[in-house]
$ cat structure.txt   # compact mmCIF, C-alpha atoms
# COMPACT_ATOMS: atom_id res chain seq x y z
CA MET R 1 0.00 0.00 0.00
CA ILE R 2 2.91 2.34 0.60
CA GLU R 3 3.72 2.04 -3.10
CA ASN R 4 0.13 3.01 -3.94
CA ILE R 5 0.33 6.00 -1.61
CA ASN R 6 3.61 7.17 -3.10
CA ASN R 7 2.29 6.71 -6.65
CA HIS R 8 -0.66 8.91 -5.71
CA LEU R 9 1.56 11.53 -4.07
CA GLN R 10 3.90 11.66 -7.08
CA GLU R 11 1.01 12.84 -9.24
CA VAL R 12 0.52 16.03 -7.21
CA ASP R 13 2.71 19.10 -6.74
CA PHE R 14 2.36 20.02 -3.07
CA ASP R 15 4.65 23.07 -3.17
CA VAL R 16 3.22 25.49 -0.61
CA ARG R 17 4.97 28.36 -2.40
CA LYS R 18 2.58 27.72 -5.29
CA SER R 19 -0.59 26.73 -3.43
CA LYS R 20 -0.26 29.51 -0.81
CA ASP R 21 -2.17 27.17 1.49
CA ALA R 22 -0.89 26.51 5.01
CA ARG R 23 -3.68 24.05 5.77
CA PHE R 24 -1.85 21.08 4.33
CA MET R 25 -1.40 20.17 8.02
CA ASP R 26 -2.89 21.51 11.22
CA GLN R 27 -3.10 21.23 14.98
CA LYS R 28 -5.88 18.63 15.15
CA VAL R 29 -4.40 16.41 12.42
CA THR R 30 -3.05 13.55 14.48
CA PRO R 31 -3.04 9.91 13.35
CA ASP R 32 -5.97 8.94 15.57
CA VAL R 33 -8.13 11.94 14.62
CA LEU R 34 -7.31 11.63 10.91
CA SER R 35 -8.16 7.93 11.02
CA ILE R 36 -11.56 8.35 12.65
CA ILE R 37 -12.51 11.25 10.37
CA ALA R 38 -11.54 9.17 7.33
CA ASP R 39 -13.66 6.30 8.68
CA CYS R 40 -16.58 8.66 9.31
CA VAL R 41 -16.35 9.94 5.72
CA VAL R 42 -16.35 6.40 4.31
CA ASN R 43 -19.31 5.51 6.54
CA PHE R 44 -21.25 8.67 5.60
CA ASP R 45 -20.60 8.30 1.88
CA ALA R 46 -21.65 4.62 1.94
CA ASP R 47 -20.62 4.13 -1.72
CA ARG R 48 -22.94 6.93 -2.84
CA ASN R 49 -20.10 9.11 -4.20
CA ILE R 50 -21.77 12.27 -2.89
CA GLU R 51 -20.58 15.72 -1.86
CA PHE R 52 -20.63 16.58 1.83
CA THR R 53 -19.63 19.32 4.27
CA LYS R 54 -17.92 19.15 7.65
CA ASP R 55 -21.36 19.71 9.21
CA ASP R 56 -22.66 16.58 7.49
CA ILE R 57 -19.91 14.58 9.19
CA TRP R 58 -20.34 15.95 12.70
CA ASN R 59 -24.14 15.79 12.53
CA ASP R 60 -23.96 12.12 11.57
CA ASN R 61 -24.86 9.71 14.36
CA TYR R 62 -21.83 7.51 13.61
CA PHE R 63 -19.50 10.46 14.30
CA ASN R 64 -21.36 11.60 17.38
CA THR R 65 -21.48 8.17 19.00
CA ASN R 66 -17.85 7.24 18.42
CA VAL R 67 -16.08 10.57 18.88
CA LYS R 68 -17.99 11.37 22.06
CA GLY R 69 -17.01 8.06 23.64
CA ILE R 70 -13.49 7.60 22.31
CA PHE R 71 -12.23 11.15 22.76
CA ASN R 72 -14.25 11.92 25.89
CA LYS R 73 -15.93 14.88 24.23
CA PRO R 74 -19.39 16.35 24.87
CA ASP R 75 -22.28 15.66 22.53
CA ALA R 76 -21.51 16.89 19.03
CA GLN R 77 -24.93 18.53 18.87
CA ASN R 78 -24.15 20.84 21.81
CA GLU R 79 -23.89 24.38 20.41
CA THR R 80 -21.29 25.40 23.01
CA THR R 81 -18.83 22.88 21.59
CA ARG R 82 -19.28 23.92 17.94
CA GLN R 83 -15.91 25.70 17.63
CA GLU R 84 -14.03 22.69 19.02
CA TYR R 85 -15.83 20.27 16.72
CA ASP R 86 -15.33 22.63 13.80
CA LYS R 87 -11.56 22.21 14.11
CA PHE R 88 -11.84 18.51 14.88
CA THR R 89 -13.61 17.85 11.58
CA SER R 90 -12.52 20.68 9.27
CA GLN R 91 -8.76 20.43 9.81
CA PRO R 92 -8.43 16.71 8.92
CA LEU R 93 -10.79 17.22 5.96
CA ARG R 94 -8.60 20.05 4.67
CA THR R 95 -5.50 17.87 4.99
CA LEU R 96 -7.20 15.04 3.12
CA ALA R 97 -8.25 17.52 0.42
CA TYR R 98 -4.77 19.05 0.08
CA SER R 99 -3.33 15.54 -0.28
CA GLY R 100 -5.76 14.73 -3.09
CA VAL R 101 -7.51 11.96 -1.17
CA LEU R 102 -10.61 14.16 -1.16
CA GLU R 103 -11.75 16.72 -3.71
CA MET R 104 -12.74 20.14 -2.36
CA ARG R 105 -14.60 23.04 -3.90
CA LYS R 106 -16.05 26.27 -2.52
CA SER R 107 -19.78 26.93 -2.46
CA GLY R 108 -20.37 30.30 -0.86
CA ASN R 109 -18.60 30.18 2.49
CA LYS R 110 -18.69 26.38 2.68
CA ASN R 111 -16.20 23.75 1.59
CA LEU R 112 -17.80 20.87 -0.27
CA TYR R 113 -15.87 17.60 -0.23
CA LYS R 114 -16.04 14.42 -2.27
CA ILE R 115 -13.99 11.21 -2.15
CA ALA R 116 -11.23 11.26 -4.77
CA ASN R 117 -9.15 8.22 -3.77
CA LYS R 118 -11.33 5.74 -1.92
CA SER R 119 -8.67 3.04 -1.45
CA ILE R 120 -6.30 5.41 0.37
CA LEU R 121 -9.16 6.91 2.39
CA GLU R 122 -10.24 3.42 3.49
CA PHE R 123 -6.64 2.57 4.33
CA ILE R 124 -6.37 5.66 6.56
CA GLY R 125 -9.72 4.94 8.22
CA MET R 126 -8.87 1.32 8.90
CA LYS R 127 -6.21 1.83 11.57
CA GLU R 128 -4.39 4.65 13.31
CA ARG R 129 -1.06 3.14 12.28
CA ASN R 130 -2.21 3.45 8.66
CA ALA R 131 -2.97 7.13 9.18
CA TYR R 132 0.52 7.54 10.63
CA ILE R 133 2.09 5.80 7.61
CA PHE R 134 0.13 8.03 5.25
CA LEU R 135 1.00 11.22 7.14
CA TYR R 136 4.71 10.48 7.11
CA HIS R 137 4.90 9.87 3.35
CA TYR R 138 2.54 12.74 2.59
CA LEU R 139 4.38 15.28 4.76
CA GLU R 140 7.74 14.19 3.41
CA LYS R 141 6.44 14.88 -0.11
CA VAL R 142 5.04 18.30 0.90
CA LEU R 143 8.36 19.25 2.51
CA SER R 144 10.30 18.00 -0.51
CA ASP R 145 8.13 19.86 -3.04
CA SER R 146 8.38 23.01 -0.92
CA ASN R 147 12.20 22.74 -0.68
CA LEU R 148 12.01 22.37 3.10
CA LEU R 149 12.96 18.72 3.47
CA ARG R 150 16.70 19.46 3.39
CA PHE R 151 16.40 21.44 6.64
CA PHE R 152 14.56 18.58 8.37
CA GLU R 153 17.16 16.13 7.07
CA ASP R 154 19.94 18.33 8.45
CA PHE R 155 18.14 18.33 11.83
CA LYS R 156 17.90 14.52 11.64
CA ASP R 157 21.59 14.12 10.80
CA LYS R 158 22.59 16.23 13.81
CA CYS R 159 20.29 14.22 16.08
CA ILE R 160 21.86 10.97 14.88
CA ALA R 161 25.36 12.44 15.28
CA GLY R 162 24.51 13.57 18.81
CA THR R 163 25.31 17.21 18.09
CA ILE R 164 21.77 18.62 18.13
CA ASP R 165 21.10 21.44 20.58
CA ASN R 166 18.36 23.94 21.26
CA ALA R 167 19.91 26.52 18.94
CA GLU R 168 19.71 24.09 16.01
CA PHE R 169 16.10 23.31 16.90
CA GLN R 170 15.20 27.00 17.09
CA ASP R 171 16.85 27.55 13.72
CA LEU R 172 14.62 24.90 12.10
CA LYS R 173 11.55 26.30 13.84
CA THR R 174 12.35 29.86 12.73
CA ARG R 175 12.94 28.76 9.13
CA PHE R 176 9.53 27.08 9.12
CA GLN R 177 7.86 30.15 10.63
CA ARG R 178 9.38 32.45 8.01
CA PHE R 179 8.42 30.07 5.21
CA ILE R 180 4.74 29.80 6.23
CA ILE R 181 4.35 33.52 6.97
CA GLY R 182 6.09 34.42 3.73
CA ASN R 183 4.06 32.09 1.51
CA THR R 184 0.58 31.80 3.05
CA PRO R 185 -2.11 34.08 4.54
CA ILE R 186 -0.92 33.23 8.07
CA ASN R 187 0.80 36.35 9.41
CA GLY R 188 1.86 35.44 12.94
CA THR R 189 3.97 32.82 14.66
CA THR R 190 1.25 31.67 17.08
CA GLU R 191 -0.66 29.80 14.38
CA VAL R 192 2.52 28.46 12.78
CA ASN R 193 3.71 27.14 16.13
CA ARG R 194 0.59 24.99 16.36
CA ILE R 195 1.34 23.36 13.00
CA PHE R 196 5.11 22.90 13.28
CA PRO R 197 5.10 20.23 16.07
CA LYS R 198 2.62 18.06 14.17
CA ILE R 199 4.99 17.94 11.19
CA LEU R 200 8.31 17.64 13.02
CA ASN R 201 7.10 14.94 15.42
CA ILE R 202 5.74 12.69 12.65
CA TYR R 203 9.14 13.02 10.94
CA ALA R 204 10.97 12.50 14.25
CA CYS R 205 8.99 9.39 15.22
CA GLU R 206 9.68 7.69 11.88
CA ASN R 207 13.40 8.48 12.13
CA ASN R 208 13.80 7.72 15.88
CA ILE R 209 15.09 11.20 16.71
CA PHE R 210 14.28 14.13 18.97
CA GLY R 211 11.33 16.34 18.17
CA THR R 212 9.47 18.99 20.10
CA ILE R 213 7.44 18.88 23.32
CA LYS R 214 5.78 22.00 24.75
CA GLY R 215 7.49 24.22 22.19
CA ARG R 216 11.00 23.12 23.07
CA LEU R 217 13.47 20.56 21.80
CA SER R 218 12.42 17.26 23.37
CA LYS R 219 14.79 15.63 25.84
CA ARG R 220 14.17 12.21 24.30
CA GLN R 221 13.17 10.72 20.97
CA ILE R 222 9.55 11.07 19.91
CA TYR R 223 7.40 7.97 20.37
CA TYR R 224 4.31 6.90 18.48
CA THR R 225 2.05 7.69 21.44
CA ASP R 226 3.36 11.29 21.50
CA LEU R 227 1.65 11.87 18.16
CA MET R 228 -1.82 11.05 19.38
CA TYR R 229 -4.66 13.37 20.34
CA ASN R 230 -6.01 10.62 22.59
CA ARG R 231 -3.22 9.15 24.69
CA PRO R 232 -3.37 6.27 27.16
CA ASN R 233 -1.96 6.62 30.65
CA TRP R 234 1.50 5.11 30.28
CA ARG R 235 2.78 3.09 33.18
CA ASP R 236 6.35 3.92 32.22
CA ILE R 237 7.11 6.14 29.23
CA ASP R 238 10.76 5.11 29.33
CA LYS R 239 9.84 1.50 28.56
CA ASN R 240 9.54 2.57 24.89
CA LYS R 241 13.31 3.08 24.66
CA GLY R 242 14.11 -0.56 24.05
CA ILE R 243 11.30 -1.61 21.76
CA SER R 244 10.72 -1.33 18.03
CA ARG R 245 8.19 1.07 16.51
CA THR R 246 5.94 -1.88 15.60
CA GLU R 247 5.99 -3.03 19.23
CA ALA R 248 5.34 0.53 20.42
CA ILE R 249 2.31 0.81 18.14
CA SER R 250 0.94 -2.51 19.44
CA GLU R 251 1.55 -1.38 23.02
CA HIS R 252 -0.30 1.87 22.36
CA GLU R 253 -3.25 0.00 20.82
CA ASN R 254 -3.37 -2.49 23.68
CA LEU R 255 -3.33 0.25 26.33
CA MET R 256 -6.11 2.14 24.56
CA ILE R 257 -8.17 -1.05 24.34
CA GLU R 258 -7.53 -1.70 28.03
CA GLN R 259 -8.26 1.82 29.28
CA ASN R 260 -11.05 3.03 26.97
CA GLU R 261 -14.09 0.80 26.56
CA SER R 262 -15.61 3.01 23.85
CA TYR R 263 -12.39 2.85 21.86
CA SER R 264 -12.33 -0.93 22.22
CA ASP R 265 -15.95 -1.28 21.10
CA TYR R 266 -15.37 1.03 18.13
CA GLN R 267 -12.26 -0.80 16.93
CA VAL R 268 -13.88 -4.23 17.31
CA GLN R 269 -17.07 -3.22 15.51
CA LYS R 270 -15.11 -1.54 12.73
CA ALA R 271 -12.99 -4.66 12.23
CA MET R 272 -16.04 -6.94 12.20
CA ASN R 273 -17.77 -4.70 9.63
CA MET R 274 -14.71 -4.86 7.41
CA ILE R 275 -14.62 -8.67 7.45
CA ARG R 276 -18.37 -8.76 6.83
CA LYS R 277 -17.91 -6.50 3.80
CA MET R 278 -14.89 -8.34 2.40
CA TYR R 279 -16.37 -11.84 2.09
CA THR R 280 -19.65 -13.01 0.62
CA GLN R 281 -19.10 -16.65 1.57
CA SER R 282 -17.62 -18.51 4.50
CA GLU R 283 -13.82 -18.44 4.70
CA VAL R 284 -13.90 -22.09 5.77
CA THR R 285 -14.89 -24.53 3.05
CA ASP R 286 -16.35 -27.69 4.60
CA GLN R 287 -19.63 -29.62 4.78
CA TRP R 288 -21.15 -26.89 7.01
CA SER R 289 -20.26 -23.97 4.71
CA ASN R 290 -23.43 -24.15 2.59
CA GLY R 291 -25.76 -21.22 3.05
CA GLU R 292 -25.28 -17.54 3.71
CA ALA R 293 -22.23 -16.57 5.77
CA THR R 294 -23.56 -14.07 8.30
CA GLN R 295 -21.38 -14.69 11.36
CA ILE R 296 -18.12 -12.95 12.31
CA HIS R 297 -16.26 -15.24 14.68
CA HIS R 298 -13.39 -14.38 17.03
CA ILE R 299 -10.95 -17.27 16.61
CA PHE R 300 -9.45 -16.45 20.01
CA PRO R 301 -12.44 -15.35 22.13
CA LYS R 302 -12.90 -11.69 22.96
CA ALA R 303 -13.58 -12.52 26.62
CA ASP R 304 -10.23 -14.30 27.00
CA PHE R 305 -8.14 -12.16 24.65
CA PRO R 306 -9.57 -8.60 24.58
CA GLN R 307 -6.27 -7.35 23.15
CA LEU R 308 -6.90 -9.46 20.02
CA ALA R 309 -10.58 -8.63 19.58
CA HIS R 310 -10.00 -5.85 17.02
CA TYR R 311 -7.39 -7.69 14.94
CA LEU R 312 -8.69 -8.54 11.48
CA GLU R 313 -6.34 -11.52 11.58
CA ASN R 314 -8.37 -12.90 14.51
CA LEU R 315 -11.75 -12.55 12.78
CA ILE R 316 -13.24 -15.01 10.31
CA LYS R 317 -16.54 -15.12 8.44
CA LEU R 318 -18.61 -18.28 8.94
CA THR R 319 -22.08 -19.64 8.33
CA PRO R 320 -24.42 -19.88 11.33
CA THR R 321 -24.01 -23.67 11.34
CA GLN R 322 -20.22 -23.40 11.40
CA HIS R 323 -20.36 -20.75 14.12
CA TYR R 324 -22.91 -22.24 16.49
CA THR R 325 -22.35 -25.98 16.07
CA LYS R 326 -18.64 -26.27 15.21
CA ALA R 327 -16.74 -23.20 16.48
CA HIS R 328 -18.93 -23.09 19.61
CA PRO R 329 -20.08 -26.67 20.39
CA SER R 330 -23.83 -27.02 20.90
CA ASN R 331 -24.29 -23.24 20.67
CA LYS R 332 -22.33 -22.72 23.89
CA THR R 333 -20.65 -19.44 22.97
CA GLN R 334 -18.41 -19.50 26.04
CA GLN R 335 -16.78 -22.70 24.78
CA ILE R 336 -14.33 -23.18 21.91
CA ASN R 337 -13.87 -26.33 19.85
CA LYS R 338 -10.08 -26.56 19.68
CA ASP R 339 -10.12 -28.75 16.58
CA TYR R 340 -12.29 -26.25 14.73
CA GLN R 341 -10.17 -23.40 16.06
CA LEU R 342 -7.26 -24.94 14.14
CA VAL R 343 -9.47 -25.23 11.04
CA CYS R 344 -10.32 -21.54 11.36
CA LEU R 345 -6.69 -20.51 11.86
CA LEU R 346 -5.56 -22.46 8.80
CA ALA R 347 -8.39 -20.99 6.70
CA LYS R 348 -7.65 -17.48 7.96
CA THR R 349 -3.98 -17.91 7.10
CA ASP R 350 -5.03 -18.81 3.55
CA SER R 351 -7.32 -15.76 3.39
CA ILE R 352 -4.50 -13.49 4.53
CA GLU R 353 -2.01 -14.95 2.06
CA GLN R 354 -4.46 -14.63 -0.83
CA SER R 355 -5.27 -11.05 0.11
CA LEU R 356 -1.61 -10.04 0.34
CA ASN R 357 -0.84 -11.77 -2.97
CA LYS R 358 -3.56 -9.65 -4.60
CA GLY R 359 -1.84 -6.52 -3.33
CA GLU R 360 -4.56 -5.67 -0.82
CA PHE R 361 -3.66 -3.70 2.29
CA VAL R 362 -6.11 -5.17 4.80
CA TYR R 363 -3.93 -7.70 6.61
CA ARG R 364 -0.37 -7.90 7.93
CA LYS R 365 1.49 -11.19 8.26
CA GLU R 366 3.20 -9.76 11.34
CA SER R 367 -0.22 -9.24 12.94
CA LEU R 368 -1.21 -12.83 12.19
CA ILE R 369 1.91 -14.08 13.96
CA TYR R 370 1.21 -11.74 16.89
CA VAL R 371 -2.34 -13.13 17.14
CA VAL R 372 -1.05 -16.73 17.05
CA ASN R 373 1.73 -16.08 19.55
CA THR R 374 -0.64 -14.32 21.95
CA GLY R 375 -3.52 -16.77 21.62
CA LEU R 376 -1.36 -19.89 21.90
CA THR R 377 1.46 -18.56 24.12
CA GLU R 378 3.99 -19.33 21.43
CA ASN R 379 7.02 -17.52 20.04
CA LEU R 380 6.86 -17.99 16.27
CA GLU R 381 9.41 -15.94 14.35
CA ILE R 382 8.12 -12.90 12.50
CA ASP R 383 9.74 -13.85 9.18
CA LEU R 384 8.06 -17.25 8.75
CA ASP R 385 6.39 -17.84 5.38
CA PHE R 386 2.73 -18.85 5.22
CA ARG R 387 3.43 -22.52 4.54
CA THR R 388 5.61 -22.71 7.64
CA ILE R 389 3.03 -20.86 9.71
CA LYS R 390 0.40 -23.47 8.81
CA ARG R 391 2.83 -26.30 9.49
CA GLU R 392 3.62 -24.82 12.91
CA LEU R 393 -0.08 -24.40 13.73
CA SER R 394 -0.73 -28.06 12.94
CA ARG R 395 2.26 -29.10 15.05
CA ILE R 396 1.10 -27.00 18.04
CA TYR R 397 -2.46 -28.32 18.03
CA ASN R 398 -1.45 -31.94 17.41
CA ALA R 399 0.93 -31.78 20.37
CA ALA R 400 -1.72 -30.37 22.69

$ encode --input "structure.txt" --output "structure tokens"
Amino acid sequence: MIENINNHLQEVDFDVRKSKDARFMDQKVTPDVLSIIADCVVNFDADRNIEFTKDDIWNDNYFNTNVKGIFNKPDAQNETTRQEYDKFTSQPLRTLAYSGVLEMRKSGNKNLYKIANKSILEFIGMKERNAYIFLYHYLEKVLSDSNLLRFFEDFKDKCIAGTIDNAEFQDLKTRFQRFIIGNTPINGTTEVNRIFPKILNIYACENNIFGTIKGRLSKRQIYYTDLMYNRPNWRDIDKNKGISRTEAISEHENLMIEQNESYSDYQVQKAMNMIRKMYTQSEVTDQWSNGEATQIHHIFPKADFPQLAHYLENLIKLTPTQHYTKAHPSNKTQQINKDYQLVCLLAKTDSIEQSLNKGEFVYRKESLIYVVNTGLTENLEIDLDFRTIKRELSRIYNAA
């Protein structure tokens, strides 16, 4: 999918000196906010290919229900919160429009939007990590087209060399301020200083370097969780020092699932809807697969493994007979048929391999291995091929 994103970005000139538009990025454009707004747009459009405004999004029940719970915000229909919600919806929409993922046109004093690149929009709305991936590649292209990337690269090189200091940071910040004020309608540093951290910290996180916290050069490298509007309560922020970015992202997701019930419910329901939409028939072909596949089954039960409940790699589409007589013996949903759990895992592995071979962006092999390792208390290597994964699954269940 990264190749698809870069192919899309290569078709557009994002030079701010030409567009005169500073709203290519903004204060509320964080990976988690961008992801949920993209998901809300996809949900609102519902394959109708219609124009919409920011008001259409925030007045939609899907937005109100999920944003209120996940981000601990008041009801979106409350007039006293209109200014806050205006930024929460309009800023990500403007970023998506500048990037070419949405089309935007003026109608009076309103911006009218329409989906321009549905596959990328769906990718962004699928997961926060996808929004982060998109933002990094998009912002790098904007900086490159605007002849600013070289200054960020110089900052990175000095961080890696261990020679970065506050004067170097202030120099980069001042250059950015002068650039935005000199090329866009923004005429003061206050507004620029709200945009600058969102750009630098995405760049810093991807490159494992210092960024900015509270307007100053950070005293440590920027972590994935620093980028979020909605942050979990970290037990120990320094624990991130020794783990990979992939592990940090998983830790962030798991903490959010653990600490925010609304977030957990939203992510699980979104994942189940995606699997429901992807397949018209059961993913398991056996004597019970005849009939309409209407059931989304958690291979490792949500009650026992809440941290896996939102993983697409842990969800499989089945017929009612498969679900209630095989996966759950005698319709006892608290019980799992271990033999059929293996059947489901093998079938899901095939589904994931076929999807990846078609160039789809829905699944990650790494996530499948994480699901297996967590659900079975195993330690399969991340670089196993699909044939070996299936062989290992059969070995584990046969030895049990």

$ atom_distance --input "structure.txt" --atom1 "CA of Met278 in chain R" --atom2 "CA of Asn7 in chain R"
24.6 Å

$ closest_residue --input "structure.txt" --among "R:Cys159, R:Lys18, R:Tyr363, R:Ile5" --to "Gly182 in chain R" --atoms "all atoms listed in the file"
R:Lys18

$ residues_around --input "structure.txt" --residues "range 46-61 of chain R" --least-positions-apart "3" --cutoff "8 Å" --atoms "only C-alpha atoms" --output "compact mmCIF listing (two decimals) with C-alpha atoms, in the coordinates of the input"
# COMPACT_ATOMS: atom_id res chain seq x y z
CA CYS R 40 -16.58 8.66 9.31
CA VAL R 41 -16.35 9.94 5.72
CA VAL R 42 -16.35 6.40 4.31
CA ASN R 43 -19.31 5.51 6.54
CA ASN R 64 -21.36 11.60 17.38
CA THR R 65 -21.48 8.17 19.00
CA ALA R 76 -21.51 16.89 19.03
CA GLN R 77 -24.93 18.53 18.87
CA TYR R 85 -15.83 20.27 16.72
CA ASP R 86 -15.33 22.63 13.80
CA THR R 89 -13.61 17.85 11.58
CA SER R 90 -12.52 20.68 9.27
CA LEU R 93 -10.79 17.22 5.96
CA LYS R 110 -18.69 26.38 2.68
CA ASN R 111 -16.20 23.75 1.59
CA LEU R 112 -17.80 20.87 -0.27
CA TYR R 113 -15.87 17.60 -0.23
CA LYS R 114 -16.04 14.42 -2.27
CA ILE R 115 -13.99 11.21 -2.15

$ closest_residue --input "structure.txt" --among "R:Asn398, R:Asn273, R:Gln267, R:Asn314" --to "Asn373 in chain R" --atoms "only C-alpha atoms"
R:Asn314

$ residues_around --input "structure.txt" --residues "Gly291 in chain R" --least-positions-apart "2" --cutoff "8 Å" --atoms "only C-alpha atoms" --output "JSON, numbers by chain"
{"R": [289, 293, 319]}

$ atom_distance --input "structure.txt" --atom1 "CA of Leu148 in chain R" --atom2 "CA of Thr190 in chain R"
19.9 Å

$ closest_residue --input "structure.txt" --among "R:Ile2, R:Leu172, R:Ala22, R:Tyr223" --to "Glu206 in chain R" --atoms "only C-alpha atoms"
R:Tyr223

$ closest_residue --input "structure.txt" --among "R:Ile352, R:Leu9, R:Val29, R:Ile36" --to "Ser99 in chain R" --atoms "all atoms listed in the file"
R:Leu9

$ residues_around --input "structure.txt" --residues "range 137-145 of chain R" --least-positions-apart "3" --cutoff "6 Å" --atoms "all atoms listed in the file" --output "count of residues only"
5

$ closest_residue --input "structure.txt" --among "R:Ser35, R:Gln10, R:Gln281, R:Gln335" --to "Leu121 in chain R" --atoms "only C-alpha atoms"
R:Ser35

$ atom_distance --input "structure.txt" --atom1 "CA of Lys118 in chain R" --atom2 "CA of Ile195 in chain R"
26.3 Å

$ axis_aligned_box --input "structure.txt" --around "range 138-148 of chain R" --padding-each-side "8 Å" --output "AutoDock Vina command-line options"
--center_x 7.4 --center_y 17.9 --center_z 0.9 --size_x 25.7 --size_y 26.3 --size_z 23.8

$ closest_residue --input "structure.txt" --among "R:Ser19, R:Thr377, R:Thr225, R:Thr349" --to "Val284 in chain R" --atoms "all atoms listed in the file"
R:Thr349

$ residues_around --input "structure.txt" --residues "Ile120 in chain R" --least-positions-apart "4" --cutoff "10 Å" --atoms "all atoms listed in the file" --output "MDAnalysis selection string"
chainID R and resid 1:2 4:5 8 38 100:102 115:116 124:126 130:131 134 361
